[in-house]
Amino acid sequence: MAPITSSVHHHRSTTKTTHKSFKSKHATKSALKERTRGKIETQERGVRKTPHQQLMSKLDRKNQARQKQQLKHQEKSHATSIFSGQNGAPRQVAIVPLADNIDVSDVIRSLNASVDVPKDVSVDRQTRVRIDRFKQNIMYVPARYDLLHALDVCRVADFVVLVLPTDVEVAEEGEILLRSIESQGISNVLVTAQGLDQVSPPKKRPQVVSSLKSYINHFFPTIEKVLSLDSRQECSNVVRSLCTATPKGIRWRDDRSWMLIQDINWPDIQGNAIDDVVITGVVRGKGLKADRIVHIPGWGDFQIGSITAAPLPNTKNKKEDSMNIDETDVSQILDQPTDDRDDMAVIAPEEIEMDDDMLSNPDTERRGVLLDDHHYFSDDESHMPARPKRLPKGTSEYQAAWFLEDDSDSGSDMVDMEDEDEDMEIDGSEGRPEDGVFPDHVDAMTEGGPSEYPQSEMFLDPSPEDEADQLENYRASRRKEEEDDLEFPDEIELHPNVLARERLQKYRGLKSLKTSRWETSEDRPFEPEDWRRLLQFHDYKGLKNKLVREALVGGVVPGTRVNVHLKAVPSVLRNRPLPVALYSLLRHEHKHTVININMTLNSSVEKPIKSKEEVIIQCGPRRLVVNPIFSGAGNTPNNVHKFDRFLHPGRNAIASFIGPVTWGAVPVLVFKNQTVNDPEVLDSADGNTESEKTLKRLELIATGTVVAPDYSRVVAKRAILTGHPYKIHKKVVTVRYMFFNNEDVQWFKALQLWTRRGRSGFIKESLGTHGYFKATFDAKINPQDSVGISLYKRVFPRRARAFEELA
């Protein structure tokens, strides 16, 4: 019996082993199928995960999906909570016409009629409508066929309804309006068409709708349908979308508190500045605080005296009456300023500063060109820095004055500055010879040295007549070459009778534009007024995040209808049209600093825009008239950036100016006044106001984004002086036409020379009295090459001005 038992046991163990191997293989195949279907998360290399995370069961996946659904539902409920209730905040809908023959009032009537709204509701201006079918409130905000007014309306809209014409094509003004609305930031968009029933024959209408959809998809690719305002059913669908959809919002706008202005009440008092001007509206975005300054486009910045409640007068629901404010408490104060309120000062207060004598104007000192943190001048050695003394450790400056040295061993006449720059690494792929970067070799010396000629040669100055003729012929040929090849965009030509040391007295030399340190003390005499009183930052990103989080706490709750009492409002604004919106600024957003914008010029613009040319920008809630200076984008080790004289179409640059701070990456629109020469356009504007005539001349030329302000960012304007190789003997070259007198050669002797083909050198000695000089290069140069030196001076941004809309 024993053998039988053992055989049975062996058979059972073999069967179990076979079943285990079969199960393991089946499990492996099953796991591979699950993984290919995306049901199992693959384990990342180097990340330790628990078995529960490696293999998620069906119940766990359902639970996770349910949690995501609940979180999304909570976010949607929070976003739409201010719209709920009989007296909830209305959904603000902008009606934007894209042609001058569109009747905006008729559009609003069609939408109201589709949901049985009474016909006696006013449609001429802002209209609050109760949609009982969807239990929502809608406020239609009609926009004029006017660029800036349409932009103002769309900035405060939860929904934008674009109205396309069916009988005419969208004009250039309509396309500019669409591009501007899209670039400034836009929430939910619906596209409609007016006059589709008037298209004949009727079988052509689907083709017209398809053409309109194809056109609008160039600007808004997500639009799936163009709805007809002549159809009651499609109008009802529009209203349904307005009442049920969740507004996407605009990031920069929702980081602040804002509201659509519904009414303005001026007190019956006289004076230049009037207090207690009441602005009525519903708070949106973040909580509205009385400590913060508010900005009204077209008016300016103002302080808040107080914020009081302004409930609707037609409240009938008793339950809501018990929760809201009674009619007798209309003047109940919701928020008042505290000691933490912002003042109206845009720059820091004046401080008494002791000016250093060494920072006096270099115009009167005539110390030579600045290079490597000090000035060189061959005729005067007083500019040279003193040799460092051998002093005991811990010796103060006062004690060092009592240690004398023997000056008999003077050493070299020039201090070798190369040791300071041995550790500097220059990326040759990004630099050019005129920037002090030579990719094929190390930088040449910038000091004078002995001649390489085998023996001295006698040099005779040419006659003045021959010199003038040769100079004119040389420059004429140079201009002809540069018309085809813009090799030297920063080149300047000196007149023979002009002294270079006086013409370029504000300029300095740099071994490398990207790595050499900029001596800011030399710029003190040329700084703009109040430059040192501008707002400065040490940690822009951290401070921005702190102030954005600060706006989340406190203030009047969004969705509350309030009266904002403003202080010191100029009485001249009483006759202005009703402004569209009020924006609460974040802390410090009214103070001035150096604003930098990453700006891209539209490729459709025909001509480049010149630096310091006047343009109109829209940055968040503000519009400013600025004369920006352009400089190269990117980061450099020394924070010095080259000044660009022009911004060419399709390219980008950093535009800098002095203006109020704007926290965050806010979109920027750049406009320019376009000259209208078409008589038909001018005649059609005769019946309009002066404001509308001016607005029709605005052209969108560029877009951009606000980048971090940087007070220490140096914008260096480059000037290139070029000369002609007159004689070439191996590496020694005689150069002419760069200078025209011996004194200028000595003044700029320390600067590094470079050629268009990448050679570098230095000035050895002056020849004659007409500005000829002998130079040594690192290799033999081509006779057709040009020799140049680069000089730089700091360019400061200009102050922006508020854009005043004409009444």
# chains A, B, ... in the order shown; residues from 1 in each chain; ligands from 1

$ residues_around --residues "Pro267 of chain A" --least-positions-apart "3" --cutoff "8 Å" --atoms "only C-alpha atoms" --output "list of chain:residue names"
A:Ile274, A:Asp276, A:Val277

$ residues_around --residues "Gly287 of chain A" --least-positions-apart "5" --cutoff "8 Å" --atoms "only C-alpha atoms" --output "MDAnalysis selection string"
chainID A and resid 257 551:558

$ residues_around --residues "Leu543 of chain A" --least-positions-apart "4" --cutoff "12 Å" --atoms "only C-alpha atoms" --output "PyMOL selection string"
chain A and resi 536-539+547-550+586-588+663-664+708

$ write_last_selection --atoms "C-alpha atoms" --output "PDB file, in the first residue's frame"
ATOM      1  CA  GLN A 536      12.903  98.044  -6.956  1.00  0.00           C
ATOM      2  CA  PHE A 537      12.601  94.276  -6.425  1.00  0.00           C
ATOM      3  CA  HIS A 538      14.905  91.661  -4.985  1.00  0.00           C
ATOM      4  CA  ASP A 539      12.562  88.680  -5.445  1.00  0.00           C
ATOM      5  CA  LEU A 547       0.455  89.623  -3.209  1.00  0.00           C
ATOM      6  CA  VAL A 548      -1.747  87.360  -5.350  1.00  0.00           C
ATOM      7  CA  ARG A 549      -2.406  85.161  -2.303  1.00  0.00           C
ATOM      8  CA  GLU A 550      -3.114  88.295  -0.265  1.00  0.00           C
ATOM      9  CA  LEU A 586      -3.069  94.630  -6.253  1.00  0.00           C
ATOM     10  CA  ARG A 587      -0.755  96.135  -3.670  1.00  0.00           C
ATOM     11  CA  HIS A 588       1.935  98.422  -5.227  1.00  0.00           C
ATOM     12  CA  TRP A 663       2.014  91.731 -11.382  1.00  0.00           C
ATOM     13  CA  GLY A 664       2.051  88.529 -13.395  1.00  0.00           C
ATOM     14  CA  ALA A 708       9.623  90.596 -14.573  1.00  0.00           C
TER      15      ALA A 708
END

$ residues_around --residues "Gln92 of chain A" --least-positions-apart "6" --cutoff "9 Å" --atoms "only C-alpha atoms" --output "MDAnalysis selection string"
chainID A and resid 128 137:141 156:160 260

$ residues_around --residues "segment 193-201 of chain A" --least-positions-apart "3" --cutoff "7 Å" --atoms "only C-alpha atoms" --output "list in words"
Val163, Leu164, Pro165, Thr166, Lys204, Arg205, Val226, Leu227, Ser228, Leu229 and Asp230 of chain A

$ write_last_selection --atoms "C-alpha atoms" --output "tab-separated table (two decimals), in the first residue's frame"
chain	number	residue	atom	x	y	z
A	163	VAL	CA	-22.36	88.95	-34.62
A	164	LEU	CA	-21.26	88.38	-38.22
A	165	PRO	CA	-22.88	90.09	-41.24
A	166	THR	CA	-24.29	88.01	-44.08
A	204	LYS	CA	-27.49	79.57	-50.84
A	205	ARG	CA	-27.88	80.06	-47.06
A	226	VAL	CA	-22.58	79.64	-36.43
A	227	LEU	CA	-26.09	80.24	-35.13
A	228	SER	CA	-28.69	82.32	-36.96
A	229	LEU	CA	-30.37	85.17	-35.09
A	230	ASP	CA	-33.33	84.93	-37.47

$ atom_distance --atom1 "atom CA of Lys780 of chain A" --atom2 "atom CA of Leu751 of chain A"
19.5 Å

$ residues_around --residues "Trp258 of chain A" --least-positions-apart "6" --cutoff "10 Å" --atoms "only C-alpha atoms" --output "ChimeraX atom specification"
/A:156,281-288,294-296,558,581-585,621

$ write_last_selection --atoms "N, CA and C atoms" --output "short mmCIF file (atom, residue, chain, number, x, y, z; two decimals), in the first residue's frame"
data_model
loop_
_atom_site.label_atom_id
_atom_site.label_comp_id
_atom_site.auth_asym_id
_atom_site.auth_seq_id
_atom_site.Cartn_x
_atom_site.Cartn_y
_atom_site.Cartn_z
N VAL A 156 -14.75 92.63 -19.43
CA VAL A 156 -15.59 92.38 -18.26
C VAL A 156 -16.69 91.38 -18.57
N GLY A 281 -22.08 98.70 -8.84
CA GLY A 281 -21.86 97.51 -9.64
C GLY A 281 -21.82 96.28 -8.74
N VAL A 282 -21.62 95.13 -9.36
CA VAL A 282 -21.56 93.85 -8.67
C VAL A 282 -20.11 93.39 -8.62
N VAL A 283 -19.62 93.08 -7.43
CA VAL A 283 -18.22 92.68 -7.24
C VAL A 283 -17.99 91.33 -7.92
N ARG A 284 -16.91 91.23 -8.67
CA ARG A 284 -16.53 89.98 -9.33
C ARG A 284 -15.06 89.71 -9.06
N GLY A 285 -14.62 88.52 -9.39
CA GLY A 285 -13.22 88.16 -9.19
C GLY A 285 -12.95 87.88 -7.72
N LYS A 286 -11.96 88.56 -7.16
CA LYS A 286 -11.61 88.42 -5.75
C LYS A 286 -12.40 89.44 -4.93
N GLY A 287 -12.25 89.35 -3.60
CA GLY A 287 -12.95 90.27 -2.71
C GLY A 287 -12.47 91.70 -2.89
N LEU A 288 -13.40 92.65 -2.91
CA LEU A 288 -13.07 94.06 -3.10
C LEU A 288 -12.71 94.67 -1.75
N VAL A 294 -8.15 101.66 -6.82
CA VAL A 294 -8.92 101.17 -7.97
C VAL A 294 -8.54 101.98 -9.20
N HIS A 295 -8.65 101.33 -10.34
CA HIS A 295 -8.36 101.97 -11.63
C HIS A 295 -9.60 101.90 -12.51
N ILE A 296 -9.97 103.04 -13.08
CA ILE A 296 -11.07 103.12 -14.03
C ILE A 296 -10.48 103.53 -15.37
N PRO A 558 -17.44 88.39 -3.51
CA PRO A 558 -17.87 88.48 -4.92
C PRO A 558 -19.34 88.10 -5.07
N ALA A 581 -15.84 99.78 -16.73
CA ALA A 581 -15.47 98.87 -15.64
C ALA A 581 -14.61 99.58 -14.62
N LEU A 582 -14.54 98.97 -13.45
CA LEU A 582 -13.66 99.38 -12.36
C LEU A 582 -12.83 98.17 -11.96
N TYR A 583 -11.52 98.38 -11.82
CA TYR A 583 -10.60 97.30 -11.46
C TYR A 583 -9.89 97.67 -10.16
N SER A 584 -9.85 96.74 -9.24
CA SER A 584 -9.08 96.93 -8.01
C SER A 584 -7.66 96.44 -8.25
N LEU A 585 -6.69 97.29 -7.98
CA LEU A 585 -5.29 96.94 -8.21
C LEU A 585 -4.74 96.16 -7.03
N PRO A 621 -5.67 96.26 -17.26
CA PRO A 621 -6.73 97.25 -17.28
C PRO A 621 -6.29 98.63 -17.76
#

$ closest_atom_pairs --of "segment 612-726 of chain A" --to "segment 297-312 of chain A" --cutoff "12 Å" --atoms "only C-alpha atoms" --output "tab-separated table"
residue	atom	partner	partner_atom	distance
A:Gln618	CA	A:Pro297	CA	10.3
A:Cys619	CA	A:Pro297	CA	11.2
A:Gly620	CA	A:Pro297	CA	10.2
A:Pro621	CA	A:Pro297	CA	6.6
A:Arg622	CA	A:Pro297	CA	6.2
A:Arg623	CA	A:Pro297	CA	7.3
A:Leu624	CA	A:Gly298	CA	10.2
A:Pro660	CA	A:Asp301	CA	10.8

$ residues_around --residues "Glu350 of chain A" --least-positions-apart "4" --cutoff "12 Å" --atoms "only C-alpha atoms" --output "list in words"
Ala345, Glu529, Asp530, Trp531, Arg532, Arg533 and Leu534 of chain A

$ write_last_selection --atoms "N, CA and C atoms" --output "compact mmCIF listing (two decimals), in the first residue's frame"
# COMPACT_ATOMS: atom_id res chain seq x y z
N ALA A 345 1.14 107.88 -3.91
CA ALA A 345 2.49 108.20 -4.39
C ALA A 345 2.96 107.15 -5.38
N GLU A 529 15.25 111.78 -14.34
CA GLU A 529 14.76 112.35 -13.09
C GLU A 529 13.99 111.28 -12.29
N ASP A 530 14.25 111.24 -11.01
CA ASP A 530 13.60 110.31 -10.08
C ASP A 530 13.93 108.85 -10.40
N TRP A 531 15.04 108.60 -11.07
CA TRP A 531 15.39 107.22 -11.42
C TRP A 531 15.60 106.37 -10.17
N ARG A 532 16.28 106.92 -9.17
CA ARG A 532 16.58 106.15 -7.96
C ARG A 532 15.41 106.08 -6.99
N ARG A 533 14.30 106.71 -7.35
CA ARG A 533 13.11 106.66 -6.50
C ARG A 533 12.06 105.69 -7.04
N LEU A 534 12.41 104.95 -8.10
CA LEU A 534 11.49 103.97 -8.65
C LEU A 534 11.45 102.73 -7.76

$ atom_distance --atom1 "atom CA of Pro667 of chain A" --atom2 "atom CA of His641 of chain A"
23.1 Å

$ atom_distance --atom1 "atom CA of Lys764 of chain A" --atom2 "atom CA of Lys749 of chain A"
8.0 Å

$ closest_residue --among "A:Thr662, A:Asn598, A:Ser236, A:Asn575" --to "Thr703 of chain A" --atoms "only C-alpha atoms"
A:Asn598
